[in-house]
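As structure tokens, the structure follows; a few thoughts come after it.
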Amino acid sequence: MKNFKRFISILMVFVMTFALAACGQQQAATQQPAEQKPAAETPAAQQSSDIGEYSWSLGTDSPEDTVTHKYAVKFAEEVGALSGGKMKIQVYSNGTLGGDREMLESIKGGNIQFVVQTTAPQVNFMPRLAVFDLPNAYATIDEVRKAVDNEGFLKTINGVYEEAGYHLMAYADQGFRVMSTNKKIESINDFKGQKIRTMENANHIAYWKALGANPTPMAFAEVYIGLQQGTIDAQENPYEVIVSAKFYEQQKYVIKTNHIPHLLSLITSNDVYNGLNDAEKAILDQAAANAKVYAREQADSRVADRVSIIESNGAQIVEINEETFKAMQEAAKPVYESIKQQVGEDLYNAYLGK
């Protein structure tokens, strides 16, 4: 039944897209030059005959009250404004068009045109994206942003997407993944023996084992009860998830491990992007750049707000001191070597700025 509903949703998007495109073509054929607005009242892009009329769809698997959704909506708004309304994008949230994996497949199939999602599900399609699993590569989110915005890195990572049939527009983020627990972390020894829930990801599991913890993959829906009943001692997620799931009700501490950035990718397909002319590509590129800046500002604001909520509910935010952070990096060296073998030395070095 769930798959049938998704099929109907995608079918409706296709029908709407076809109808809007047909309507746009009819209007373009009948419109006379005298009917155009004065140049001073319209964006430069709208005055150009190089800009065609498009009606696209963009999907996310996230609720509307998230940075992911705000990122998607801002991109759609920027595309519309920069094109003078000629290039339209309808945003569908909450997995209306399918889950992350299904939407990646739908982009390849041409059913939808854009997706905003975290990089984690993309590793199944593009294994070299495991480069973002490098733990404690950067201590601050600003360092991560500088790394993923680097021209050399973008050229290399774009090659990974293009080989798989996708085109990367930009990376925003939702801050770092951090650890919540009932044991205060004051040195690397304090990780030993803690039963921590992780995602089903070999690199993540290897990292927590390297720190001396006992990583336990578990369905997300079971985490709160697991913490409540003591099946697990700890878990790791972005601040926003810790608050939305109310994990702070079962945990005394949130440790700023900042071990992995929670990146949000805006992607389309090679077919869509390469099918546009230079003026149209420029609009998408500029819109993505503008939306990225906005989404990062929203992420910073929301992290500060979520930290406040965590603290007001009695949990303590714990900073990792420099000595402990370096010890975590040292312990993770075998994980680094394994990931380097997975992703290739060129991408590994590009991400780390070597």
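In the structure tokens, the first chain shown is A, the next is B, and so on; residue numbers restart at 1 for each chain, and ligands run from 1 in the order shown.
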
Exercise: segment 235-244 of chain A partners within 10 Å, only C-alpha atoms, chain neighbours under 6 positions left out, as a PyMOL selection string: chain A and resi 66-67+174-181+194-199+215-218+220+223-224+226-227+251+254-262+299+302-307+309-310

DSSP-assigned strand (DSSP E) among segment 106-296 of chain A, expressed as JSON, numbers by chain: {"A": [114, 115, 116, 117, 118, 166, 167, 168, 169, 170, 171, 172, 173, 174, 175, 176, 177, 178, 179, 180, 181, 195, 196, 197, 198, 214, 215, 216, 217, 234, 235, 236, 237, 238, 253, 254, 255, 256, 257, 258, 259, 260, 261, 262, 263, 264, 265, 266, 267, 268, 269]}

Atomic distance atom CA of Lys252 of chain A - atom CA of Gly314 of chain A, expressed in Å with one decimal: 7.3 Å

Interatomic distance (Å, one decimal) between atom CA of Ser265 of chain A and atom CA of Asp100 of chain A: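 Going from atom CA of Ser265 of chain A over to atom CA of Asp100 of chain A covers 11.7 Å.
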
Residues of segment 195-235 of chain A at most 9 Å from segment 330-334 of chain A: nearest atom pair and distance in Å, only C-alpha atoms, as a tab-separated table:
residue	atom	partner	partner_atom	distance
A:Ala206	CA	A:Ala332	CA	8.5
A:Tyr207	CA	A:Ala332	CA	6.0
A:Trp208	CA	A:Ala332	CA	8.6
A:Ala210	CA	A:Ala331	CA	5.8
A:Leu211	CA	A:Ala331	CA	6.2

Export, as a compact mmCIF listing (two decimals), in the first residue's frame, the selected residues with all heavy atoms.
# COMPACT_ATOMS: atom_id res chain seq x y z
N ALA A 206 33.52 0.75 13.05
CA ALA A 206 34.96 0.60 13.25
C ALA A 206 35.52 1.76 14.09
O ALA A 206 36.42 1.56 14.92
CB ALA A 206 35.67 0.54 11.90
N TYR A 207 34.98 2.95 13.88
CA TYR A 207 35.45 4.12 14.63
C TYR A 207 35.17 3.98 16.12
O TYR A 207 36.07 4.17 16.96
CB TYR A 207 34.78 5.38 14.08
CG TYR A 207 34.97 6.61 14.95
CD1 TYR A 207 36.24 7.15 15.15
CD2 TYR A 207 33.89 7.22 15.57
CE1 TYR A 207 36.42 8.27 15.94
CE2 TYR A 207 34.06 8.35 16.36
CZ TYR A 207 35.33 8.87 16.55
OH TYR A 207 35.51 9.99 17.34
N TRP A 208 33.93 3.64 16.47
CA TRP A 208 33.59 3.54 17.89
C TRP A 208 34.32 2.38 18.55
O TRP A 208 34.70 2.47 19.74
CB TRP A 208 32.08 3.42 18.06
CG TRP A 208 31.38 4.70 17.71
CD1 TRP A 208 30.66 4.97 16.58
CD2 TRP A 208 31.39 5.90 18.48
NE1 TRP A 208 30.21 6.28 16.60
CE2 TRP A 208 30.64 6.87 17.75
CE3 TRP A 208 31.94 6.27 19.71
CZ2 TRP A 208 30.44 8.17 18.21
CZ3 TRP A 208 31.74 7.57 20.18
CH2 TRP A 208 31.01 8.50 19.44
N ALA A 210 37.33 1.55 17.74
CA ALA A 210 38.68 2.09 17.90
C ALA A 210 38.80 2.94 19.17
O ALA A 210 39.87 3.00 19.79
CB ALA A 210 39.08 2.90 16.68
N LEU A 211 37.68 3.59 19.54
CA LEU A 211 37.69 4.40 20.76
C LEU A 211 37.50 3.55 22.02
O LEU A 211 37.60 4.07 23.14
CB LEU A 211 36.57 5.46 20.71
CG LEU A 211 36.67 6.53 19.63
CD1 LEU A 211 35.57 7.57 19.83
CD2 LEU A 211 38.04 7.20 19.62

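Taking only C-alpha atoms into account, Gly159 of chain A lies nearest to A:Met126 out of the set A:Leu82, A:Val144, A:Ala139, A:Met126.
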
Residue nearest Glu323 of chain A - candidates A:Val79, A:Ile188, A:Ala287, A:Ala282, atoms counted: only C-alpha atoms: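 Of all the options, A:Ile188 lies closest to Glu323 of chain A.
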